There are 2 protein chains.
Amino acid sequence: MGEFELLAKVRKRLPVPGPQVQLGSGDDAAITVPGGATAISVDALIDGVHFQRRWSSLTQIGGKALATALSDLAAMGAEPGEAYVVLGVPADLDEDGCLELLDGIMKVAKETGTTLAGGDVTRAPALTLAMTVVGHAPAPEELVTRAGARPGEVLVVTGELGGAAAGLLLLEQSPDCGVDPAIAGSTPQSGLDRGLLVRQLEPWPRLEAGRALAAAGATAMIDLSDGLGGDAGHLATASRVGLRIEAAALPLASGIVEIATAAGRDPLELATSGGEDYELLATLPRERFAAAAAAVKKQAGIGLTRIGEVLAGEGVEIRLPDGGLLAPTGFDQLG
Amino acid sequence: MGEFELLAKVRKRLPVPGPQVQLGSGDDAAITVPGGATAISVDALIDGVHFQRRWSSLTQIGGKALATALSDLAAMGAEPGEAYVVLGVPADLDEDGCLELLDGIMKVAKETGTTLAGGDVTRAPALTLAMTVVGHAPAPEELVTRAGARPGEVLVVTGELGGAAAGLLLLEQSPDCGVDPAIAGSTPQSGLDRGLLVRQLEPWPRLEAGRALAAAGATAMIDLSDGLGGDAGHLATASRVGLRIEAAALPLASGIVEIATAAGRDPLELATSGGEDYELLATLPRERFAAAAAAVKKQAGIGLTRIGEVLAGEGVEIRLPDGGLLAPTGFDQLG
């Protein structure tokens with residue numbers, strides 16, 4: 001497979017570029033006319049570090065690469081615009097495999113309204129996908145950074161937590177479970193377990209929720225890629241505030257208590273340290289919470305849960321129902 | 001070394017962002033307000049594929065990653081704006097090594113007026129640098145694609161050809177030659193050889209020349225990364241024209257005849273198939289050539305050479321002084 005032949009095939013599969021793209025893939029650079037503020041983020045997935053090919057189909061891997069990159073745009077409240085992919089291809093991946101990866105990227109691009117506007121293909125020792133995503137907003141003030149939280153505000157999270165970590169536990173315990181029939185030897189799952197596997201293998205960016213939160217007056221926002229504790233720490237540091245999280249208020253994903261217990265793990269640990277849920281953590285003035293929750297429900301179809309508050313000081317604490325504190329993992333203790 | 005600690009150190013070294021950058025590294029995404037057209041390109045360098053650590057210092061590798069990425073912006077005639085880097089770090093590279101890579105990136109960023117506005121650090125089986133570069137122009141019409149060449153125009157190239165390929169020959173023959181004292185055991189070179197090694201190890205994007213050519217009316221442009229023959233083929237295909245190149249007119253880099261001859265290679269082969277010179281190949285209306293050459297000389301300090309012409313048809317031919325044709329390597333024959 002030559003790089004140029006593959007790129008030519010890839011270009012034939014690309015749909016018509018979005019309105020801001022004047023020139024898509026195939027030249028030295030893509031040309032866009034953003035017409036406002038842009039949010040740009042880069043993110044990489046590498047075989048053995050961020051995914052396992054025995055658990056994920058190539059379509060799932062391509063989709064996950066774009067979805068997790070777009071999650072950073074969701075956390076800014078940006079409208080997704082363009083994506084660019086660097087594909088590092090190992091010796092055991094043929095042209096059909098590359099096109100399957102692309103199909104996964106294209107599926108997520110289509111469903112999110114993202115234009116795949118350029119890329120680069122090279123040999124690599126392990127399958128590597130480096131994604132660059134560009135989001136748009138009419139003006140920079142409409143984008144939400146991590147730095148605007150103020151004491152007295154409430155801390156909220158979208159959707160459910162711990163599902164991706166529980167899905168990973170399932171995969172580690174039962175290597176033959178899967179949700180994509182393209183994975184040879186995998187056993188199709190149903191019900192709760194399937195939902196948790198999907199959270200791990202096919203994460204989805206909370207783009208509509210991010211825009212709803214931005215419009216509803218979110219003062220700071222971050223996506224939960226590393227885990228609630230660590231990502232709350234990033235937000236607290238950037239905003240120079242303290243964050244107190246009530247463990248009892250956390251919206252645990254259905255089924256994770258059973259899976260965690262069976263594995264001898266604490267469900268709270270999955271929800272606070274597991275990461276990869278790609279939900280959004282945000283701060284809001286107290287009086288905006290009801291309207292924000294209604295907007296997230298309406299525009300994204302998911303819940304918004306108040307899980308804590310913003311305090312003076314700097315750091316994070318997670319309070320257990322008995323009044324104790326969860327041992328810190330990956331974040332500074334408040335105080 | 002934790003990712004977050006490294007990123008924090010990296011951010012401390014970053015200079016103040018450029019005027020279009022509202023928010024640089026450290027949040028979910030960078031925020032920029034482009035105010036016109038943007039040209040975006042992605043490019044990756046991987047250890048063993050695009051560079052050898054035994055020949056290049058980490059500073060050189062970082063610099064090469066940004067320089068070769070910016071070369072794509074040069075080929076559009078764009079003003080360099082922002083860069084984003086995904087760094088894949090193998091087990092044998094420590095934090096100091098990562099900071100050396102960054103120093104190389106920063107050096108090129110500073111000299112070209114590029115703002116390093118974001119990045120991602122991850123483990124990887126081999127050192128990987130995926131760069132995204134964003135360039136700017138007041139309007140999309142001011143950017144030069146590969147697709148505007150018309151029959152009757154002249155074909156021009158900046159600077160000199162074959163230097164990078166000759167530098168590679170030197171390295172392959174004398175693994176101890178080097179130009180960076182940081183490479184242990186390397187022998188410092190002087191004169192011509194040093195110049196050729198620099199072409200290979202420290203390539204430079206022709207940004208000023210690209211803008212001068214765009215302003216002087218270039219109708220199509222591409223940078224020479226794959227080699228003159230192949231890249232001329234890309235331009236010919238995109239413009240749907242034929243390109244006739246006169247081998248006798250090619251501006252060969254000083255010293256390559258001797259090195260090629262000593263290695264039993266044809267200097268013309270180095271100049272047409274070697275690649276990595278990162279010079280610019282462009283087409284111009286015949287009457288614009290003199291002004292374009294003067295502008296490139298004045299703004300970039302390098303020569304502009306007329307090496308052929310644009311014909312009807314599609315493909316590339318390289319005519320030898322005796323009237324014969326150079327055997328095609330990596331491109332379709334004109335006809």
# chains A, B, ... in the order shown; residues from 1 in each chain; ligands from 1
call {"tool": "select_by_dssp", "arguments": {"residues": "segment 28-231 of chain B", "states": "strand (DSSP E)", "output": "number ranges by chain"}}
result
B: 30-32, 37-46, 79-89, 115-123, 128-137, 154-158, 177-178, 187-188, 220-223
call {"tool": "interface_residues", "arguments": {"of": "chain A", "to": "chain B", "cutoff": "7 Å", "atoms": "only C-alpha atoms", "output": "VMD selection string"}}
result
chain A and resid 27 to 33 35 to 44 46 49 72 to 73 75 to 76 84 86 119 to 120 123 to 126 130 140 145 to 146 222
call {"tool": "atom_distance", "arguments": {"atom1": "atom CA of Ser239 of chain B", "atom2": "atom CA of Pro151 of chain B"}}
result
9.8 Å
call {"tool": "atom_distance", "arguments": {"atom1": "atom CA of Ile105 of chain B", "atom2": "atom CA of Gly195 of chain B"}}
result
20.8 Å
call {"tool": "residues_around", "arguments": {"residues": "Thr59 of chain A", "least_positions_apart": "4", "cutoff": "10 Å", "atoms": "only C-alpha atoms", "output": "ChimeraX atom specification"}}
result
/A:63-64,97-107,180,182,202
call {"tool": "residues_around", "arguments": {"residues": "Gly324 of chain A", "least_positions_apart": "5", "cutoff": "12 Å", "atoms": "only C-alpha atoms", "output": "PyMOL selection string"}}
result
chain A and resi 245-248+317-319
call {"tool": "closest_residue", "arguments": {"among": "B:Asp193, B:Glu309, B:Glu82, B:Glu269", "to": "Cys177 of chain B", "atoms": "only C-alpha atoms"}}
result
B:Asp193
call {"tool": "atom_distance", "arguments": {"atom1": "atom CA of Leu243 of chain A", "atom2": "atom CA of Arg150 of chain A"}}
result
10.0 Å
call {"tool": "residues_around", "arguments": {"residues": "Pro267 of chain B", "least_positions_apart": "6", "cutoff": "9 Å", "atoms": "only C-alpha atoms", "output": "list in words"}}
result
Gly162, Ala166, Leu252, Ile256, Val257, Glu258, Ile259, Ala260 and Thr261 of chain B
call {"tool": "write_last_selection", "arguments": {"atoms": "N, CA and C atoms", "output": "short mmCIF file (atom, residue, chain, number, x, y, z; two decimals), in the first residue's frame"}}
result
data_model
loop_
_atom_site.label_atom_id
_atom_site.label_comp_id
_atom_site.auth_asym_id
_atom_site.auth_seq_id
_atom_site.Cartn_x
_atom_site.Cartn_y
_atom_site.Cartn_z
N GLY B 162 18.75 18.65 -3.90
CA GLY B 162 19.63 17.50 -3.72
C GLY B 162 20.48 17.55 -2.47
N ALA B 166 21.98 14.33 -0.37
CA ALA B 166 23.43 14.17 -0.26
C ALA B 166 23.83 14.09 1.21
N LEU B 252 21.44 22.57 -8.69
CA LEU B 252 21.98 21.53 -7.80
C LEU B 252 22.73 22.17 -6.63
N ILE B 256 27.07 18.31 -4.22
CA ILE B 256 26.38 17.03 -4.37
C ILE B 256 26.92 16.21 -5.54
N VAL B 257 27.52 16.87 -6.54
CA VAL B 257 28.07 16.10 -7.66
C VAL B 257 29.18 15.18 -7.14
N GLU B 258 30.07 15.73 -6.33
CA GLU B 258 31.18 14.95 -5.78
C GLU B 258 30.67 13.79 -4.91
N ILE B 259 29.72 14.11 -4.05
CA ILE B 259 29.23 13.08 -3.12
C ILE B 259 28.47 11.98 -3.86
N ALA B 260 27.65 12.38 -4.83
CA ALA B 260 26.91 11.39 -5.60
C ALA B 260 27.87 10.51 -6.38
N THR B 261 28.84 11.13 -7.05
CA THR B 261 29.80 10.38 -7.86
C THR B 261 30.58 9.39 -7.00
#
call {"tool": "select_by_dssp", "arguments": {"residues": "segment 80-168 of chain B", "states": "helix (DSSP H, G or I)", "output": "short mmCIF file (atom, residue, chain, number, x, y, z; two decimals) with N, CA and C atoms, in the first residue's frame"}}
result
data_model
loop_
_atom_site.label_atom_id
_atom_site.label_comp_id
_atom_site.auth_asym_id
_atom_site.auth_seq_id
_atom_site.Cartn_x
_atom_site.Cartn_y
_atom_site.Cartn_z
N GLU B 95 12.44 12.98 31.21
CA GLU B 95 11.87 14.32 31.18
C GLU B 95 12.82 15.33 30.54
N ASP B 96 14.12 15.22 30.87
CA ASP B 96 15.08 16.13 30.26
C ASP B 96 15.08 15.99 28.74
N GLY B 97 14.96 14.75 28.28
CA GLY B 97 14.89 14.51 26.84
C GLY B 97 13.69 15.20 26.22
N CYS B 98 12.54 15.10 26.90
CA CYS B 98 11.33 15.75 26.39
C CYS B 98 11.53 17.26 26.32
N LEU B 99 12.19 17.81 27.32
CA LEU B 99 12.41 19.26 27.33
C LEU B 99 13.40 19.68 26.24
N GLU B 100 14.36 18.79 25.91
CA GLU B 100 15.27 19.08 24.79
C GLU B 100 14.51 19.11 23.46
N LEU B 101 13.60 18.15 23.29
CA LEU B 101 12.75 18.15 22.09
C LEU B 101 12.00 19.48 22.01
N LEU B 102 11.45 19.88 23.15
CA LEU B 102 10.68 21.11 23.19
C LEU B 102 11.55 22.32 22.86
N ASP B 103 12.80 22.31 23.34
CA ASP B 103 13.70 23.41 23.02
C ASP B 103 13.87 23.54 21.50
N GLY B 104 13.99 22.38 20.84
CA GLY B 104 14.12 22.41 19.38
C GLY B 104 12.88 22.98 18.71
N ILE B 105 11.71 22.56 19.21
CA ILE B 105 10.46 23.09 18.66
C ILE B 105 10.39 24.60 18.91
N MET B 106 10.73 25.01 20.13
CA MET B 106 10.63 26.43 20.50
C MET B 106 11.57 27.30 19.68
N LYS B 107 12.75 26.76 19.38
CA LYS B 107 13.73 27.53 18.61
C LYS B 107 13.16 27.86 17.22
N VAL B 108 12.59 26.84 16.58
CA VAL B 108 12.01 27.07 15.26
C VAL B 108 10.76 27.95 15.38
N ALA B 109 9.98 27.73 16.44
CA ALA B 109 8.79 28.56 16.65
C ALA B 109 9.17 30.03 16.76
N LYS B 110 10.20 30.29 17.54
CA LYS B 110 10.62 31.67 17.75
C LYS B 110 11.11 32.31 16.44
N GLU B 111 11.95 31.57 15.73
CA GLU B 111 12.53 32.15 14.50
C GLU B 111 11.51 32.34 13.39
N THR B 112 10.41 31.61 13.47
CA THR B 112 9.40 31.73 12.41
C THR B 112 8.18 32.52 12.87
N PRO B 140 -9.06 33.72 1.70
CA PRO B 140 -8.65 32.44 1.11
C PRO B 140 -8.02 32.59 -0.28
N GLU B 141 -8.44 33.61 -1.03
CA GLU B 141 -7.88 33.78 -2.38
C GLU B 141 -6.39 34.08 -2.35
N GLU B 142 -5.89 34.52 -1.22
CA GLU B 142 -4.46 34.86 -1.15
C GLU B 142 -3.60 33.64 -0.88
N GLY B 163 20.47 18.67 -1.78
CA GLY B 163 21.32 18.81 -0.60
C GLY B 163 20.94 17.85 0.52
N ALA B 164 19.65 17.71 0.78
CA ALA B 164 19.21 16.85 1.88
C ALA B 164 19.53 15.38 1.57
N ALA B 165 19.36 14.98 0.31
CA ALA B 165 19.66 13.60 -0.07
C ALA B 165 21.16 13.34 0.02
N ALA B 166 21.98 14.33 -0.37
CA ALA B 166 23.43 14.17 -0.26
C ALA B 166 23.83 14.09 1.21
N GLY B 167 23.17 14.89 2.05
CA GLY B 167 23.44 14.82 3.49
C GLY B 167 23.14 13.44 4.04
N LEU B 168 22.05 12.84 3.58
CA LEU B 168 21.69 11.49 4.01
C LEU B 168 22.74 10.48 3.56
#
call {"tool": "residues_around", "arguments": {"residues": "Val241 of chain B", "least_positions_apart": "5", "cutoff": "8 Å", "atoms": "only C-alpha atoms", "output": "list in words"}}
result
Ala149, Arg150, Pro151, Ala236, Val310, Leu311, Ala312, Gly313, Glu314 and Gly315 of chain B
